[in-house]
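upload.cif, holding mmCIF, C-alpha atoms:
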```cif
data_input
loop_
_atom_site.label_atom_id
_atom_site.label_comp_id
_atom_site.auth_asym_id
_atom_site.auth_seq_id
_atom_site.Cartn_x
_atom_site.Cartn_y
_atom_site.Cartn_z
CA MET K 1003 1.73 24.95 9.97
CA VAL K 1004 1.99 24.94 13.77
CA THR K 1005 1.47 22.09 16.22
CA ASP K 1006 0.17 22.33 19.77
CA ALA K 1007 3.78 22.60 20.87
CA GLY K 1008 4.19 25.70 18.72
CA ASP K 1009 6.91 24.27 16.49
CA PRO K 1010 6.39 24.64 12.74
CA ILE K 1011 6.71 21.49 10.65
CA PRO K 1012 10.06 21.79 8.84
CA ARG K 1013 10.08 22.52 5.15
CA PHE K 1014 10.88 19.66 2.80
CA PRO K 1015 13.16 20.07 -0.23
CA ASP K 1016 11.88 21.92 -3.29
CA GLY K 1017 10.03 19.61 -5.63
CA PHE K 1018 8.93 17.27 -2.83
CA LEU K 1019 5.75 15.49 -3.95
CA TRP K 1020 2.69 15.64 -1.67
CA GLY K 1021 -0.28 13.40 -2.35
CA VAL K 1022 -3.02 11.10 -1.12
CA SER K 1023 -3.79 7.49 -2.01
CA THR K 1024 -6.77 5.20 -2.65
CA SER K 1025 -7.39 1.85 -4.34
CA ALA K 1026 -9.95 0.77 -6.91
CA HIS K 1027 -11.70 -2.03 -5.06
CA GLN K 1028 -12.00 0.02 -1.91
CA ILE K 1029 -13.72 3.05 -3.44
CA GLU K 1030 -15.00 2.50 -6.98
CA GLY K 1031 -18.10 0.34 -6.55
CA ALA K 1032 -19.86 -0.26 -9.89
CA VAL K 1033 -19.21 -4.00 -9.78
CA ASP K 1034 -21.67 -4.59 -12.62
CA ALA K 1035 -19.39 -2.63 -14.93
CA ARG K 1036 -16.48 -5.04 -14.59
CA GLU K 1037 -15.71 -8.72 -14.39
CA PRO K 1038 -15.42 -10.30 -10.92
CA SER K 1039 -12.27 -10.17 -8.84
CA VAL K 1040 -11.08 -12.55 -6.14
CA TRP K 1041 -12.36 -10.02 -3.61
CA ASP K 1042 -15.90 -10.26 -4.96
CA VAL K 1043 -15.81 -14.02 -4.43
CA PHE K 1044 -14.21 -13.67 -1.00
CA THR K 1045 -16.69 -11.12 0.35
CA ALA K 1046 -19.63 -13.21 -0.86
CA GLU K 1047 -18.57 -16.02 1.49
CA PRO K 1048 -20.24 -15.74 4.92
CA GLY K 1049 -17.89 -14.82 7.74
CA ARG K 1050 -15.06 -13.53 5.58
CA VAL K 1051 -15.75 -9.83 6.25
CA LYS K 1052 -16.39 -8.79 9.83
CA ASP K 1053 -19.49 -6.70 9.17
CA GLY K 1054 -20.71 -8.90 6.29
CA SER K 1055 -20.33 -6.05 3.80
CA THR K 1056 -19.01 -5.96 0.24
CA ALA K 1057 -17.49 -3.30 -2.00
CA ALA K 1058 -20.36 -3.44 -4.49
CA VAL K 1059 -21.00 0.29 -3.97
CA ALA K 1060 -18.23 1.38 -1.57
CA CYS K 1061 -17.74 5.14 -2.16
CA ASP K 1062 -19.30 5.02 -5.64
CA HIS K 1063 -16.18 6.72 -6.94
CA TYR K 1064 -16.87 5.29 -10.40
CA HIS K 1065 -19.82 7.68 -10.71
CA ARG K 1066 -18.55 10.42 -8.37
CA TYR K 1067 -14.95 10.77 -9.49
CA ARG K 1068 -15.43 14.40 -10.55
CA GLU K 1069 -16.58 15.26 -7.03
CA ASP K 1070 -13.57 13.44 -5.60
CA VAL K 1071 -11.11 15.16 -7.94
CA ALA K 1072 -12.62 18.48 -6.83
CA LEU K 1073 -11.84 17.46 -3.23
CA LEU K 1074 -8.25 16.73 -4.27
CA ALA K 1075 -7.93 20.10 -5.98
CA ARG K 1076 -9.34 21.91 -2.96
CA LEU K 1077 -6.94 19.99 -0.71
CA GLY K 1078 -4.03 21.22 -2.78
CA VAL K 1079 -2.12 17.98 -3.37
CA ASP K 1080 0.45 17.63 -6.12
CA ALA K 1081 -0.47 14.04 -6.94
CA TYR K 1082 -3.16 11.41 -6.56
CA ARG K 1083 -2.23 7.77 -6.19
CA PHE K 1084 -5.12 5.52 -7.29
CA SER K 1085 -5.22 1.99 -8.62
CA VAL K 1086 -6.39 0.62 -11.92
CA SER K 1087 -8.74 -2.34 -11.60
CA TRP K 1088 -7.48 -5.21 -13.71
CA PRO K 1089 -11.00 -6.76 -13.79
CA ARG K 1090 -12.42 -3.44 -15.00
CA VAL K 1091 -9.81 -3.12 -17.74
CA ASN K 1092 -10.76 -6.64 -18.84
CA SER K 1093 -14.36 -5.49 -19.31
CA PRO K 1094 -15.86 -3.55 -22.24
CA GLY K 1095 -15.29 0.16 -21.80
CA GLY K 1096 -13.30 -0.36 -18.60
CA LEU K 1097 -10.34 1.74 -19.68
CA ASP K 1098 -12.69 4.55 -20.62
CA PHE K 1099 -13.26 5.24 -16.93
CA TYR K 1100 -9.53 5.69 -16.29
CA ASP K 1101 -9.29 7.88 -19.39
CA ARG K 1102 -11.92 10.18 -17.88
CA LEU K 1103 -10.31 10.11 -14.43
CA VAL K 1104 -6.85 10.93 -15.77
CA ASP K 1105 -8.24 13.74 -17.91
CA GLU K 1106 -10.04 15.19 -14.87
CA LEU K 1107 -6.87 15.03 -12.79
CA CYS K 1108 -4.74 16.65 -15.47
CA ALA K 1109 -7.28 19.43 -15.94
CA ALA K 1110 -7.06 20.10 -12.20
CA GLY K 1111 -3.26 20.21 -12.30
CA ILE K 1112 -2.90 17.00 -10.26
CA ARG K 1113 -0.40 14.34 -11.26
CA PRO K 1114 -2.04 10.92 -11.80
CA VAL K 1115 0.00 8.11 -10.19
CA PRO K 1116 -1.72 4.80 -10.99
CA THR K 1117 -0.95 1.53 -9.24
CA LEU K 1118 -1.46 -1.34 -11.65
CA PHE K 1119 -2.24 -4.04 -9.07
CA HIS K 1120 -3.80 -3.42 -5.66
CA TRP K 1121 -4.96 -6.95 -4.76
CA ASP K 1122 -8.10 -7.19 -6.98
CA LEU K 1123 -6.99 -10.10 -9.16
CA PRO K 1124 -9.42 -11.30 -11.87
CA VAL K 1125 -11.01 -14.55 -10.69
CA ARG K 1126 -9.75 -16.50 -13.70
CA LEU K 1127 -6.13 -15.88 -12.67
CA ASP K 1128 -4.05 -17.25 -9.81
CA TRP K 1129 -0.70 -16.03 -8.41
CA LEU K 1130 0.27 -19.65 -7.77
CA ASP K 1131 0.40 -19.94 -11.54
CA ARG K 1132 3.61 -18.51 -13.04
CA ASP K 1133 1.74 -17.52 -16.20
CA THR K 1134 -0.13 -14.83 -14.25
CA ALA K 1135 3.07 -12.77 -14.26
CA GLN K 1136 3.06 -12.74 -18.06
CA ARG K 1137 -0.65 -11.89 -18.12
CA PHE K 1138 0.13 -8.95 -15.83
CA ALA K 1139 2.79 -7.68 -18.23
CA GLU K 1140 0.29 -7.81 -21.09
CA TYR K 1141 -2.31 -5.94 -19.03
CA THR K 1142 0.34 -3.35 -18.09
CA ALA K 1143 1.19 -2.76 -21.73
CA LEU K 1144 -2.49 -2.26 -22.53
CA VAL K 1145 -2.96 0.34 -19.79
CA ALA K 1146 0.29 2.13 -20.65
CA ASP K 1147 -0.69 2.33 -24.30
CA ARG K 1148 -3.98 4.00 -23.36
CA LEU K 1149 -2.87 6.31 -20.55
CA GLY K 1150 0.85 6.80 -21.13
CA ASP K 1151 0.42 10.05 -23.06
CA ARG K 1152 -0.75 11.71 -19.80
CA VAL K 1153 0.57 9.45 -17.03
CA THR K 1154 4.27 9.88 -16.35
CA GLN K 1155 4.64 8.15 -12.97
CA TRP K 1156 3.70 4.50 -12.44
CA ILE K 1157 3.49 1.97 -9.61
CA THR K 1158 3.52 -1.72 -10.52
CA LEU K 1159 2.32 -3.56 -7.39
CA ASN K 1160 0.94 -2.64 -4.00
CA GLU K 1161 2.13 -4.59 -0.96
CA PRO K 1162 2.93 -8.01 -2.42
CA ALA K 1163 3.99 -9.02 1.11
CA GLU K 1164 0.49 -8.51 2.54
CA HIS K 1165 -1.19 -10.05 -0.48
CA THR K 1166 1.01 -13.12 -0.01
CA LEU K 1167 0.75 -13.35 3.78
CA LEU K 1168 -2.87 -12.36 4.35
CA GLY K 1169 -4.41 -13.71 1.16
CA HIS K 1170 -2.48 -16.91 0.61
CA ALA K 1171 -0.64 -17.90 3.81
CA LEU K 1172 -3.13 -17.03 6.56
CA GLY K 1173 -6.44 -16.89 4.68
CA ALA K 1174 -7.50 -13.53 6.17
CA HIS K 1175 -7.81 -11.79 2.78
CA ALA K 1176 -8.85 -12.85 -0.69
CA PRO K 1177 -8.48 -15.41 -2.11
CA GLY K 1178 -8.66 -16.87 1.40
CA ARG K 1179 -6.03 -19.59 1.19
CA ARG K 1180 -4.21 -20.87 4.26
CA LEU K 1181 -1.05 -22.27 2.70
CA LEU K 1182 1.48 -21.00 5.25
CA PHE K 1183 4.96 -21.44 3.71
CA ASP K 1184 3.52 -23.06 0.58
CA ALA K 1185 2.46 -19.52 -0.34
CA LEU K 1186 6.06 -18.57 -1.21
CA PRO K 1187 5.50 -19.04 -4.99
CA VAL K 1188 2.88 -16.27 -4.76
CA ALA K 1189 5.58 -13.89 -3.57
CA HIS K 1190 7.96 -14.94 -6.33
CA HIS K 1191 5.38 -14.67 -9.10
CA GLN K 1192 4.31 -11.20 -7.97
CA LEU K 1193 7.92 -10.04 -7.97
CA LEU K 1194 8.39 -11.55 -11.42
CA ALA K 1195 5.24 -9.74 -12.55
CA HIS K 1196 6.73 -6.51 -11.27
CA GLY K 1197 9.91 -7.00 -13.31
CA LEU K 1198 7.99 -7.88 -16.46
CA ALA K 1199 5.73 -4.87 -15.93
CA VAL K 1200 8.77 -2.58 -15.59
CA ARG K 1201 9.97 -3.86 -18.96
CA ALA K 1202 6.54 -3.32 -20.50
CA LEU K 1203 6.39 0.23 -19.14
CA ARG K 1204 9.89 1.01 -20.40
CA ALA K 1205 8.89 -0.28 -23.83
CA ALA K 1206 5.96 2.16 -23.71
CA GLY K 1207 8.33 5.04 -22.94
CA ALA K 1208 7.81 5.33 -19.17
CA ALA K 1209 10.69 6.88 -17.26
CA ASP K 1210 9.32 7.20 -13.72
CA ILE K 1211 8.49 3.76 -12.29
CA GLY K 1212 8.30 2.45 -8.74
CA ILE K 1213 6.67 -0.16 -6.54
CA ALA K 1214 4.73 0.24 -3.27
CA ASN K 1215 6.15 -2.24 -0.74
CA SER K 1216 5.06 -2.32 2.89
CA HIS K 1217 7.87 -2.21 5.41
CA GLY K 1218 8.38 -1.65 9.12
CA PRO K 1219 11.07 -2.20 11.72
CA THR K 1220 11.07 -5.58 13.43
CA TRP K 1221 11.68 -5.26 17.16
CA PRO K 1222 12.77 -8.40 19.06
CA ALA K 1223 10.66 -9.11 22.15
CA SER K 1224 13.90 -9.47 24.18
CA THR K 1225 17.61 -10.12 23.80
CA ALA K 1226 17.08 -13.85 24.34
CA PRO K 1227 18.58 -15.84 21.43
CA GLU K 1228 15.22 -17.44 20.58
CA ASP K 1229 13.51 -14.04 20.35
CA LEU K 1230 16.32 -12.58 18.25
CA ALA K 1231 16.16 -15.55 15.87
CA ALA K 1232 12.38 -15.29 15.55
CA ALA K 1233 12.57 -11.54 14.88
CA ASP K 1234 15.24 -12.04 12.23
CA PHE K 1235 13.12 -14.70 10.52
CA TYR K 1236 10.07 -12.42 10.54
CA ASP K 1237 12.14 -9.53 9.15
CA VAL K 1238 13.28 -11.73 6.28
CA LEU K 1239 9.69 -12.70 5.43
CA LEU K 1240 8.09 -9.26 5.64
CA ASN K 1241 10.93 -6.97 4.61
CA ARG K 1242 13.91 -8.58 2.93
CA LEU K 1243 11.99 -11.18 0.91
CA PHE K 1244 10.48 -8.32 -1.09
CA ALA K 1245 13.29 -5.73 -1.00
CA ASP K 1246 16.42 -7.83 -1.55
CA PRO K 1247 15.38 -9.28 -4.96
CA LEU K 1248 14.37 -5.85 -6.22
CA LEU K 1249 17.37 -3.93 -4.95
CA LEU K 1250 20.14 -6.54 -4.77
CA GLY K 1251 19.01 -9.05 -7.37
CA GLN K 1252 19.06 -11.91 -4.86
CA TYR K 1253 16.85 -13.56 -2.28
CA PRO K 1254 17.85 -13.76 1.39
CA GLN K 1255 19.88 -16.86 2.20
CA GLY K 1256 17.82 -20.04 2.20
CA ILE K 1257 14.81 -18.58 0.33
CA GLY K 1258 15.76 -19.04 -3.32
CA GLU K 1259 15.90 -22.84 -3.14
CA LEU K 1260 12.30 -22.89 -1.88
CA LEU K 1261 10.97 -21.14 -4.99
CA PRO K 1262 9.83 -22.61 -8.31
CA GLY K 1263 11.39 -22.22 -11.73
CA ASP K 1264 14.76 -20.87 -12.80
CA VAL K 1265 15.15 -18.45 -9.91
CA ASP K 1266 18.48 -16.99 -11.07
CA ALA K 1267 17.02 -16.13 -14.47
CA ASP K 1268 13.89 -14.70 -12.88
CA LEU K 1269 15.95 -12.51 -10.56
CA LYS K 1270 17.45 -10.75 -13.56
CA VAL K 1271 13.91 -9.71 -14.50
CA ILE K 1272 12.81 -8.92 -10.95
CA ALA K 1273 15.80 -6.61 -10.46
CA GLU K 1274 14.99 -4.40 -13.45
CA PRO K 1275 16.02 -0.93 -12.19
CA VAL K 1276 13.26 1.27 -10.81
CA ASP K 1277 13.37 5.05 -10.62
CA TRP K 1278 12.21 5.19 -7.01
CA TYR K 1279 11.22 2.82 -4.24
CA GLY K 1280 7.80 3.15 -2.61
CA VAL K 1281 7.38 2.44 1.10
CA ASN K 1282 4.05 1.94 2.86
CA TYR K 1283 4.65 2.47 6.57
CA TYR K 1284 2.23 2.01 9.45
CA ALA K 1285 4.03 0.59 12.50
CA PRO K 1286 6.90 -1.58 13.74
CA THR K 1287 6.23 -5.19 14.75
CA ARG K 1288 7.46 -6.68 18.03
CA VAL K 1289 8.33 -10.33 17.46
CA GLY K 1290 9.35 -13.17 19.74
CA ALA K 1291 9.79 -16.91 19.75
CA PRO K 1292 6.73 -19.03 18.94
CA GLN K 1293 4.20 -19.56 21.70
CA ASP K 1294 1.89 -22.44 22.48
CA THR K 1295 -1.17 -20.43 21.42
CA GLU K 1296 -1.94 -18.14 18.50
CA SER K 1297 -1.03 -14.45 18.81
CA LYS K 1298 -2.99 -11.40 17.74
CA PHE K 1299 -1.96 -8.19 15.99
CA GLY K 1300 -4.34 -5.49 14.76
CA GLY K 1301 -7.16 -7.94 14.18
CA LEU K 1302 -4.87 -10.53 12.57
CA THR K 1303 -4.42 -14.02 14.03
CA ILE K 1304 -0.91 -15.49 13.87
CA PRO K 1305 -1.06 -19.31 14.02
CA ALA K 1306 0.94 -21.04 16.75
CA GLU K 1307 2.64 -23.32 14.21
CA LEU K 1308 4.66 -20.43 12.71
CA PRO K 1309 8.25 -20.01 13.96
CA PHE K 1310 7.51 -16.63 15.54
CA SER K 1311 4.81 -14.82 17.50
CA VAL K 1312 3.75 -11.18 17.40
CA ARG K 1313 3.78 -9.36 20.74
CA GLU K 1314 2.12 -6.14 21.83
CA ILE K 1315 4.13 -2.92 21.71
CA GLU K 1316 3.32 -1.47 25.10
CA GLY K 1317 3.25 2.13 26.24
CA ARG K 1318 2.11 3.54 22.90
CA PRO K 1319 -1.22 5.04 21.86
CA MET K 1320 -3.24 2.77 19.60
CA THR K 1321 -5.30 3.54 16.51
CA ASP K 1322 -8.86 2.25 16.27
CA PHE K 1323 -7.38 -0.66 14.32
CA GLY K 1324 -5.21 -1.63 17.30
CA TRP K 1325 -1.98 -0.54 15.61
CA PRO K 1326 0.64 1.21 17.78
CA VAL K 1327 1.51 4.79 16.90
CA VAL K 1328 5.31 4.90 16.51
CA PRO K 1329 6.40 7.80 14.29
CA GLU K 1330 10.10 7.30 15.01
CA GLY K 1331 9.78 3.84 13.48
CA LEU K 1332 9.60 5.54 10.09
CA THR K 1333 12.93 7.28 10.65
CA GLU K 1334 14.43 4.01 11.90
CA LEU K 1335 13.15 2.09 8.89
CA LEU K 1336 14.41 4.54 6.28
CA THR K 1337 17.85 5.00 7.79
CA ALA K 1338 18.17 1.22 8.16
CA PHE K 1339 17.28 0.76 4.48
CA ARG K 1340 19.89 3.35 3.50
CA ASP K 1341 22.50 1.55 5.59
CA ARG K 1342 21.52 -1.91 4.30
CA TYR K 1343 21.21 -1.14 0.60
CA GLY K 1344 23.55 1.84 0.15
CA ASP K 1345 23.70 3.10 -3.42
CA ARG K 1346 21.40 0.27 -4.54
CA LEU K 1347 18.49 2.09 -2.86
CA PRO K 1348 16.93 4.55 -5.29
CA PRO K 1349 15.08 7.66 -4.11
CA VAL K 1350 12.26 6.78 -1.72
CA VAL K 1351 8.60 7.82 -1.84
CA ILE K 1352 6.28 7.14 1.10
CA THR K 1353 3.37 5.74 -0.90
CA GLU K 1354 1.12 5.14 2.14
CA ASN K 1355 1.00 6.37 5.71
CA GLY K 1356 -2.16 6.86 7.73
CA CYS K 1357 -4.39 5.69 10.53
CA SER K 1358 -7.92 4.58 11.39
CA TYR K 1359 -9.93 6.82 13.75
CA GLU K 1360 -13.61 7.56 14.09
CA GLY K 1361 -15.09 11.06 14.04
CA ILE K 1362 -15.01 14.11 11.81
CA ASP K 1363 -13.09 16.23 14.35
CA ASP K 1364 -10.22 13.75 14.13
CA GLN K 1365 -7.52 15.26 16.30
CA GLU K 1366 -5.87 11.85 16.74
CA ARG K 1367 -5.30 11.64 13.00
CA ILE K 1368 -3.76 15.10 12.98
CA ALA K 1369 -1.38 14.11 15.78
CA TYR K 1370 -0.51 10.89 13.92
CA LEU K 1371 0.24 12.63 10.62
CA ASP K 1372 2.11 15.46 12.33
CA GLY K 1373 4.36 12.99 14.12
CA HIS K 1374 5.05 10.88 11.06
CA ILE K 1375 5.77 13.82 8.76
CA ARG K 1376 8.28 15.12 11.32
CA ALA K 1377 9.82 11.65 11.53
CA LEU K 1378 10.08 11.61 7.75
CA HIS K 1379 11.85 14.95 7.81
CA ARG K 1380 14.35 13.57 10.32
CA ALA K 1381 15.14 10.81 7.82
CA VAL K 1382 15.72 13.46 5.15
CA GLU K 1383 18.04 15.32 7.54
CA ALA K 1384 19.89 12.03 8.14
CA GLY K 1385 20.62 11.81 4.42
CA VAL K 1386 17.88 9.54 3.09
CA ASP K 1387 16.79 10.68 -0.38
CA VAL K 1388 13.01 10.96 0.12
CA ARG K 1389 11.07 12.49 -2.78
CA GLY K 1390 7.41 12.33 -1.71
CA TYR K 1391 4.71 11.47 0.83
CA PHE K 1392 1.18 10.14 0.25
CA VAL K 1393 -1.45 10.01 3.00
CA TRP K 1394 -3.65 6.95 3.21
CA SER K 1395 -6.37 7.79 2.45
CA LEU K 1396 -8.41 10.47 0.71
CA LEU K 1397 -11.72 8.80 1.56
CA ASP K 1398 -13.14 6.50 4.17
CA ASN K 1399 -13.62 3.25 2.28
CA PHE K 1400 -14.10 -0.51 2.26
CA GLU K 1401 -11.28 -1.70 4.51
CA TRP K 1402 -10.92 -5.25 3.18
CA ALA K 1403 -11.79 -7.94 5.76
CA GLU K 1404 -12.75 -5.21 8.25
CA GLY K 1405 -15.54 -3.99 5.97
CA TYR K 1406 -16.64 -0.46 6.78
CA ALA K 1407 -15.65 -0.58 10.44
CA ARG K 1408 -12.37 1.30 9.92
CA ARG K 1409 -12.09 4.88 8.71
CA PHE K 1410 -8.76 5.99 7.27
CA GLY K 1411 -9.98 8.97 5.24
CA LEU K 1412 -9.27 12.67 5.38
CA VAL K 1413 -12.83 12.85 4.07
CA HIS K 1414 -15.77 11.22 5.86
CA VAL K 1415 -18.12 9.20 3.66
CA ASP K 1416 -21.73 8.55 4.65
CA TYR K 1417 -22.23 5.18 2.99
CA ASP K 1418 -26.03 5.54 2.93
CA THR K 1419 -26.11 8.92 1.18
CA GLN K 1420 -22.56 9.00 -0.28
CA GLU K 1421 -22.18 12.51 1.14
CA ARG K 1422 -18.54 13.55 1.50
CA THR K 1423 -17.55 15.67 4.50
CA PRO K 1424 -13.95 16.88 4.88
CA LYS K 1425 -12.66 16.11 8.36
CA THR K 1426 -10.60 18.41 10.53
CA SER K 1427 -7.49 16.53 9.32
CA TYR K 1428 -8.35 17.51 5.74
CA GLY K 1429 -8.13 21.18 6.70
CA TRP K 1430 -4.94 20.54 8.68
CA PHE K 1431 -3.26 18.82 5.72
CA GLN K 1432 -4.51 21.58 3.41
CA GLU K 1433 -2.77 24.17 5.59
CA LEU K 1434 0.39 22.09 5.78
CA LEU K 1435 0.56 21.92 1.98
CA ARG K 1436 0.15 25.70 1.71
CA ALA K 1437 2.98 26.21 4.20
CA GLN K 1438 5.24 23.86 2.22
CA ARG K 1439 4.91 25.76 -1.06
#
```
Just dump the structure as structure tokens.
Amino acid sequence: MVTDAGDPIPRFPDGFLWGVSTSAHQIEGAVDAREPSVWDVFTAEPGRVKDGSTAAVACDHYHRYREDVALLARLGVDAYRFSVSWPRVNSPGGLDFYDRLVDELCAAGIRPVPTLFHWDLPVRLDWLDRDTAQRFAEYTALVADRLGDRVTQWITLNEPAEHTLLGHALGAHAPGRRLLFDALPVAHHQLLAHGLAVRALRAAGAADIGIANSHGPTWPASTAPEDLAAADFYDVLLNRLFADPLLLGQYPQGIGELLPGDVDADLKVIAEPVDWYGVNYYAPTRVGAPQDTESKFGGLTIPAELPFSVREIEGRPMTDFGWPVVPEGLTELLTAFRDRYGDRLPPVVITENGCSYEGIDDQERIAYLDGHIRALHRAVEAGVDVRGYFVWSLLDNFEWAEGYARRFGLVHVDYDTQERTPKTSYGWFQELLRAQR
């Protein structure tokens, strides 16, 4: 694989896992074949989704999964990260779909890597309720019992930080609550659910378990004490609040006393050892002291009453989502994690990395992926034990509160006809995978 500069992308270690990712609510459709999720309720409320759309059909993957697995096989990936819909599993015949999907993947020689929770909570449950963690463990055991004879690698949760912040603190995602710091129990209960799910998977014989946490470097807006303090606070909320309990068995200073229940006992469950640590990386965040007015970042509004504000990262190209393109941030993040957590950090897998751009001849996406894969290799050269990389995403899809306005896929989807068209980036990634063999 050669870039415009003529330099081949370095080879990764033997056995490195290459894959692509999706999630159930964003691609499956077929809402009549499952019970409702919090996202169904959220998208039905006027004004919640920018283009007024829903995921009722999305990419119709529920009916077209064979076509999509054929795209995966043609692409040449080792693994496919998808999510299992908890509301679908709760419905008659719901697990049958995942049986068929896993069988199709195995027949194609592609490793199935299911995520057990990717934000589509059944409407009758609530992460403010501690009991939801136990319900998640029971659901995990059910899925593992059905699929565990073919699935060897598991992911418990996807991005509990974003689900807490966007869904429960700021109200930008389902279930649409604006609790600010009263959303902290949601974070704790998701982490507890993770630990209980790890135990359930171990009991079912699983030996390859991880989590997909979103992380990014936090850059202070300046060296002023107030900006440094605000950046440190933000870093605790978005990074350490979700990594420290898992990897160190403790919350950052000052957090534990804000959480419900017997936190010390819960931390013993939360810190159940995982076999690898999943990182979703998109961009750093530049953070400063609070301002008198709300701040904006990538379509997200940060209220003025929070003790920090998000500032623009200048001098960088932007994706169509308004996110800065900073490949070296991935190297910075991974080496910082290695330095912070030492031998408590298990092998790392990049479970998501990608960008939103329009067009089928998507040269910007190629440049983005090229830069980030090189940055990942620099982390490997620096001694970080990285075992895999998953592109987000295989398909254009329903992009949560953005609706269908953002396209992250290697494959273009015409939502009127459901026709799939591989983009130029699909061919580029296909060639990269061949060169890495």
Could you give me, as a tab-separated table, a per-residue list for range 1168-1251 of chain K showing, wherever an atom lies at most 8 Å from an atom of range 1287-1304 of chain K, the closest pair of atoms and their distance in Å to one decimal, using all atoms listed in the file and sorting by chain then residue number from low to high?
```
residue	atom	partner	partner_atom	distance
K:Leu1172	CA	K:Ile1304	CA	7.8
K:Ala1174	CA	K:Leu1302	CA	7.5
K:Gly1218	CA	K:Thr1287	CA	7.0
K:Pro1219	CA	K:Thr1287	CA	6.4
K:Thr1220	CA	K:Thr1287	CA	5.0
K:Trp1221	CA	K:Arg1288	CA	4.5
K:Pro1222	CA	K:Val1289	CA	5.1
K:Ala1223	CA	K:Gly1290	CA	4.9
K:Ser1224	CA	K:Gly1290	CA	7.4
K:Glu1228	CA	K:Ala1291	CA	5.5
K:Asp1229	CA	K:Gly1290	CA	4.3
K:Leu1230	CA	K:Gly1290	CA	7.2
K:Ala1231	CA	K:Ala1291	CA	7.6
K:Ala1232	CA	K:Ala1291	CA	5.2
K:Ala1233	CA	K:Val1289	CA	5.1
K:Tyr1236	CA	K:Val1289	CA	7.4
```
Query raised in the report: Counting all atoms listed in the file, which of K:Pro1048, K:Gly1212, K:Pro1329, K:Gly1095 gets nearest to Gly1356 in chain K?
Result: K:Pro1329
Report task. Pull out every residue that the PyMOL selection byres ((chain K and resi 1340-1346) around 10) matches in the shown coordinates and put them as number ranges by chain. Result -> K: 1245-1246, 1248-1250, 1275, 1335-1339, 1347-1350, 1381, 1384-1387
Using all atoms of range 1222-1230 of chain K listed in the file and a margin of 6 Å per side, can you give the axis-aligned box centre and edge lengths in Å to one decimal, as lines of an AutoDock Vina configuration file?
```
center_x = 14.6
center_y = -12.9
center_z = 21.3
size_x = 19.9
size_y = 21.0
size_z = 18.1
```
Do a neighbour search on range 1373-1380 of chain K at 8 Å with only C-alpha atoms, toss out local chain neighbours closer than 2 positions, and write the hits as a compact mmCIF listing (two decimals) with C-alpha atoms, in the frame of the given file.
```
# COMPACT_ATOMS: atom_id res chain seq x y z
CA ILE K 1011 6.71 21.49 10.65
CA PRO K 1012 10.06 21.79 8.84
CA PHE K 1014 10.88 19.66 2.80
CA PRO K 1329 6.40 7.80 14.29
CA GLU K 1330 10.10 7.30 15.01
CA LEU K 1332 9.60 5.54 10.09
CA THR K 1333 12.93 7.28 10.65
CA ALA K 1369 -1.38 14.11 15.78
CA TYR K 1370 -0.51 10.89 13.92
CA LEU K 1371 0.24 12.63 10.62
CA VAL K 1382 15.72 13.46 5.15
CA GLU K 1383 18.04 15.32 7.54
CA ALA K 1384 19.89 12.03 8.14
```
Using all atoms listed in the file, determine which residues lie at most 10 Å from Leu1074 in chain K, disregarding the query and same-chain residues fewer than 5 positions distant; provide the list as an mmCIF file with C-alpha atoms, in the coordinates of the input.
```
data_model
loop_
_atom_site.group_PDB
_atom_site.id
_atom_site.type_symbol
_atom_site.label_atom_id
_atom_site.label_comp_id
_atom_site.auth_asym_id
_atom_site.auth_seq_id
_atom_site.Cartn_x
_atom_site.Cartn_y
_atom_site.Cartn_z
ATOM 1 C CA GLY K 1021 -0.280 13.400 -2.350
ATOM 2 C CA VAL K 1022 -3.020 11.100 -1.120
ATOM 3 C CA ARG K 1068 -15.430 14.400 -10.550
ATOM 4 C CA GLU K 1069 -16.580 15.260 -7.030
ATOM 5 C CA VAL K 1079 -2.120 17.980 -3.370
ATOM 6 C CA ASP K 1080 0.450 17.630 -6.120
ATOM 7 C CA ALA K 1081 -0.470 14.040 -6.940
ATOM 8 C CA TYR K 1082 -3.160 11.410 -6.560
ATOM 9 C CA LEU K 1107 -6.870 15.030 -12.790
ATOM 10 C CA ALA K 1110 -7.060 20.100 -12.200
ATOM 11 C CA ILE K 1112 -2.900 17.000 -10.260
ATOM 12 C CA LEU K 1396 -8.410 10.470 0.710
ATOM 13 C CA GLN K 1432 -4.510 21.580 3.410
#
```
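Running the PyMOL selection byres ((chain K and resi 1282) around 9) on this file leaves Asn1160, Glu1161, Ala1214, Asn1215, Ser1216, His1217, Gly1218, Gly1280, Val1281, Tyr1283, Tyr1284, Val1351, Ile1352, Thr1353, Glu1354 and Asn1355 of chain K selected.
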